[in-house]
There are 2 protein chains.
Amino acid sequence: MSRVHTGSRLRALALALGLLPGLVLAADDIIWRQVDPDNLVFIDLFEGQVAIELNPLFAPETVKQFRKLLKEQFYDGLSFYRVIDGFVAQGGDGSDLGKLSMVPLIDAEFERELSDDIEFTRVQKNDLFAPETGFVDGFAAARDVSENKVWLTHCPGVVAMARNDDPDSSRTDFYFVIGQAPRYLDRNMNIFGRVIHGMDAVQKIRRGRPSENGIIQNETTSSRIRGMQLASEIPKNERLSAFVMDTNNKGFEKILINRRNRKQAFFHHKPPKVLDVCQVPMVGRITK
Amino acid sequence: MSRVHTGSRLRALALALGLLPGLVLAADDIIWRQVDPDNLVFIDLFEGQVAIELNPLFAPETVKQFRKLLKEQFYDGLSFYRVIDGFVAQGGDGSDLGKLSMVPLIDAEFERELSDDIEFTRVQKNDLFAPETGFVDGFAAARDVSENKVWLTHCPGVVAMARNDDPDSSRTDFYFVIGQAPRYLDRNMNIFGRVIHGMDAVQKIRRGRPSENGIIQNETTSSRIRGMQLASEIPKNERLSAFVMDTNNKGFEKILINRRNRKQAFFHHKPPKVLDVCQVPMVGRITK
């Protein structure tokens with residue numbers, strides 16, 4: 001029952017794009033920002049290529065240590081040893097145990113004070129988990145003006161440090177959020193990055209069993225990190241560039257307004273005029 | 001840099017389970033319900049085995065037509081032709097175009113009246129998208145008592161019918177939700193099932209490019225359905241059984257209470273006492 005796309009079939013499909021609308025963004029509204037090569041990390045998985053953007057504004061010490069570990073090729077060959085579908089893929093050497101590592105601990109970087117250098121583009125007031133959600137430099141965030149605090153929020157694609165009960169016990173092991181946003185972890189973890197390319201590869205990382213808390217007992221079967229490199233450590237002429245949506249401008253605000261006011265004929269029932277900050281698509285692209 | 005899990009390593013990891021708590025459920029609190037073989041579908045993908053549970057209570061006509069199509073082996077060999085990471089994987093023959101199919105259209109089954117046969121276990125009042133969220137027979141749902149309406153809600157793993165702008169244009173093609181819950185689609189689609197096993201395989205379905213609205217132009221590279229079978233059509237002695245969490249009991253309510261009141265020492269910042277209905281883990285298991 002082989003079916004081949006023809007030109008007209010594709011055009012017909014394009015006409016049918018009323019179907020599940022709202023994820024594709026009007027290209028005209030996007031303003032691109034180049035990712036600083038000091039904040040750009042390429043992760044080479046057997047599942048595919050992944051790029052993440054680091055966030056030294058919210059997690060300066062974590063980013064500093066992570067960059068150092070990258071230079072030492074610390075992560076190369078290590079595995080994702082705890083992976084729960086719909087939740088997180090956690091990788092590293094198991095140093096969250098606090099025993100197997102000589103790498104220094106990192107203090108909590110769970111949230112920070114509001115300040116003038118933080119441009120917050122609001123997405124939603126009275127979100128279920130926070131007084132306000134929004135974006136800061138492309139990162140999903142939340143803030144509480146009454147407490148004068150702002151923090152990065154756990155959306156799919158977030159990269160954060162694992163830790164033990166001690167809030168100051170982040171070290172080397174990190175996790176990707178791979179499922180419905182576990183927002184209850186907000187203000188409890190050192191979020192220090194986000195996936196900007198290759199989330200499909202991240203989604204292929206081998207899962208453990210939920211009944212074993214995702215721990216993969218036979219590590220020979222786990223997904224493995226082939227290598228991780230900071231872009232600024234790669235010679236300029238060999239280096240790829242990454243671009244992400246700039247969230248600090250009118251074009252992005254227009255995208256948010258269009259998502260909030262679903263005007264398409266498709267919507268038989270008009271959705272409530274609210275936005276889940278973790279459901280706003282944030283596209284990135286990698287180029288030569 | 002090979003590292004092998006030893007028994008003590010595993011025990012140490014188990015001790016570290018304070019790490020990102022809350023997804024693993026206390027087995028004692030779970031009461032299992034066997035899935036009716038008439039509502040159980042096995043989907044054989046090259047990516048792995050998937051099981052879904054159909055919901056004739058909310059989508060009787062959709063389920064009726066879907067069962068008929070399964071008996072005719074309609075889906076065998078068809079592909080996922082529109083796949084957007086973080087959103088949906090849509091498969092079938094492209095009949096959403098309204099031209100390529102002789103299969104009858106299905107009327108909208110977007111929501112239904114509240115009635116005594118619907119047992120609603122509440123999860124959250126004043127959810128961002130609905131006055132109340134909860135579970136009905138294991139399915140994430142929402143209701144509006146003032147309108148006397150209840151509907152299934154778009155969480156990861158939901159299975160729903162694609163359609164065109166016409167609300168009564170569902171037919172054969174369906175999608176899996178594979179990312180952050182697109183709740184704005186609630187009350188707009190015929191949701192007729194949910195993945196109860198094999199979401200990791202669903203997550204491996206090949207993605208299209210977001211810039212092309214996820215449409216995979218070269219269909220020879222797309223993920224393909226090897227076969228789909230209704231469990232009740234398989235001889236009893238060859239048939240697997242599926243069990244899911246029963247959500248209509250005190251054990252499940254206890255799970256919800258524990259998730260809402262995060263008592264673990266892990267939580268340096270106490271999360272708000274709210275629950276996202278799409279972030280409550282719903283485990284299923286398949287047995288001989």
# chains A, B, ... in the order shown; residues from 1 in each chain; ligands from 1
>>> closest_atom_pairs(of="chain B", to="chain A", cutoff="6 Å", atoms="only C-alpha atoms", output="Markdown table")
| residue | atom | partner | partner_atom | distance |
| --- | --- | --- | --- | --- |
| B:Leu19 | CA | A:Asn164 | CA | 5.5 |
| B:Leu128 | CA | A:Leu128 | CA | 5.9 |
| B:Asn164 | CA | A:Leu19 | CA | 5.5 |
| B:Asp165 | CA | A:Phe266 | CA | 4.4 |
| B:Gln180 | CA | A:Gln180 | CA | 4.9 |
| B:Tyr184 | CA | A:Pro271 | CA | 5.2 |
| B:Asn188 | CA | A:His269 | CA | 5.9 |
| B:Gln203 | CA | A:Gln203 | CA | 5.9 |
| B:Lys204 | CA | A:Lys204 | CA | 5.4 |
| B:Phe266 | CA | A:Asp165 | CA | 4.3 |
| B:His269 | CA | A:Asn188 | CA | 5.9 |
| B:Pro271 | CA | A:Tyr184 | CA | 5.2 |
| B:Gln279 | CA | A:Gln180 | CA | 5.7 |
>>> residues_around(residues="Ala51 (chain B)", least_positions_apart="4", cutoff="8 Å", atoms="only C-alpha atoms", output="CSV table (one decimal) with all heavy atoms, in the first residue's frame")
chain,number,residue,atom,x,y,z
B,40,LEU,N,-8.7,-2.2,23.4
B,40,LEU,CA,-7.2,-2.3,23.5
B,40,LEU,C,-6.7,-2.6,22.1
B,40,LEU,O,-7.1,-3.5,21.4
B,40,LEU,CB,-6.9,-3.5,24.4
B,40,LEU,CG,-5.4,-3.8,24.6
B,40,LEU,CD1,-4.6,-2.6,25.2
B,40,LEU,CD2,-5.2,-5.1,25.5
B,41,VAL,N,-5.8,-1.7,21.7
B,41,VAL,CA,-5.2,-1.8,20.3
B,41,VAL,C,-3.7,-1.9,20.4
B,41,VAL,O,-3.1,-1.2,21.2
B,41,VAL,CB,-5.6,-0.5,19.5
B,41,VAL,CG1,-5.0,-0.6,18.1
B,41,VAL,CG2,-7.1,-0.4,19.4
B,42,PHE,N,-3.1,-2.9,19.7
B,42,PHE,CA,-1.7,-3.0,19.7
B,42,PHE,C,-1.2,-2.4,18.3
B,42,PHE,O,-1.7,-2.8,17.3
B,42,PHE,CB,-1.3,-4.5,19.8
B,42,PHE,CG,-1.6,-5.1,21.1
B,42,PHE,CD1,-2.6,-6.1,21.2
B,42,PHE,CD2,-0.9,-4.7,22.2
B,42,PHE,CE1,-2.9,-6.6,22.5
B,42,PHE,CE2,-1.2,-5.3,23.5
B,42,PHE,CZ,-2.2,-6.2,23.6
B,43,ILE,N,-0.3,-1.5,18.4
B,43,ILE,CA,0.3,-0.9,17.2
B,43,ILE,C,1.7,-1.4,17.1
B,43,ILE,O,2.5,-1.2,18.0
B,43,ILE,CB,0.2,0.6,17.3
B,43,ILE,CG1,-1.2,1.1,17.6
B,43,ILE,CG2,0.7,1.2,16.0
B,43,ILE,CD1,-1.4,2.6,17.7
B,195,VAL,N,-2.2,6.5,24.8
B,195,VAL,CA,-1.2,5.5,24.8
B,195,VAL,C,-1.0,5.0,26.3
B,195,VAL,O,-0.9,5.7,27.2
B,195,VAL,CB,0.2,6.1,24.4
B,195,VAL,CG1,1.3,5.1,24.6
B,195,VAL,CG2,0.1,6.5,22.9
B,196,ILE,N,-1.1,3.6,26.4
B,196,ILE,CA,-0.9,3.1,27.8
B,196,ILE,C,0.4,2.3,27.9
B,196,ILE,O,0.8,1.9,29.0
B,196,ILE,CB,-2.1,2.2,28.2
B,196,ILE,CG1,-2.3,1.1,27.2
B,196,ILE,CG2,-3.3,3.0,28.3
B,196,ILE,CD1,-3.3,0.0,27.6
B,197,HIS,N,1.1,2.1,26.8
B,197,HIS,CA,2.4,1.4,26.7
B,197,HIS,C,3.1,1.8,25.5
B,197,HIS,O,2.5,1.9,24.4
B,197,HIS,CB,2.1,-0.1,26.8
B,197,HIS,CG,3.4,-0.9,26.7
B,197,HIS,ND1,4.2,-1.2,27.7
B,197,HIS,CD2,3.9,-1.5,25.6
B,197,HIS,CE1,5.2,-2.0,27.3
B,197,HIS,NE2,5.1,-2.2,26.0
B,198,GLY,N,4.5,2.0,25.6
B,198,GLY,CA,5.3,2.2,24.4
B,198,GLY,C,5.4,3.6,24.0
B,198,GLY,O,5.7,3.9,22.8
>>> select_by_dssp(residues="region 49-101 of chain A", states="helix (DSSP H, G or I)", output="list in words")
Pro60, Glu61, Thr62, Val63, Lys64, Gln65, Phe66, Arg67, Lys68, Leu69, Leu70, Lys71, Ser95, Asp96 and Leu97 of chain A
>>> closest_residue(among="B:Gly227, B:Pro60, B:Gly91, B:Gly251", to="Asp173 (chain B)", atoms="only C-alpha atoms")
B:Gly91
>>> select_by_dssp(residues="region 130-287 of chain A", states="strand (DSSP E or B)", output="ChimeraX atom specification")
/A:132-136,139-144,149-152,158-161,170,174-177,191-197,215,224-230,241-245,284-287
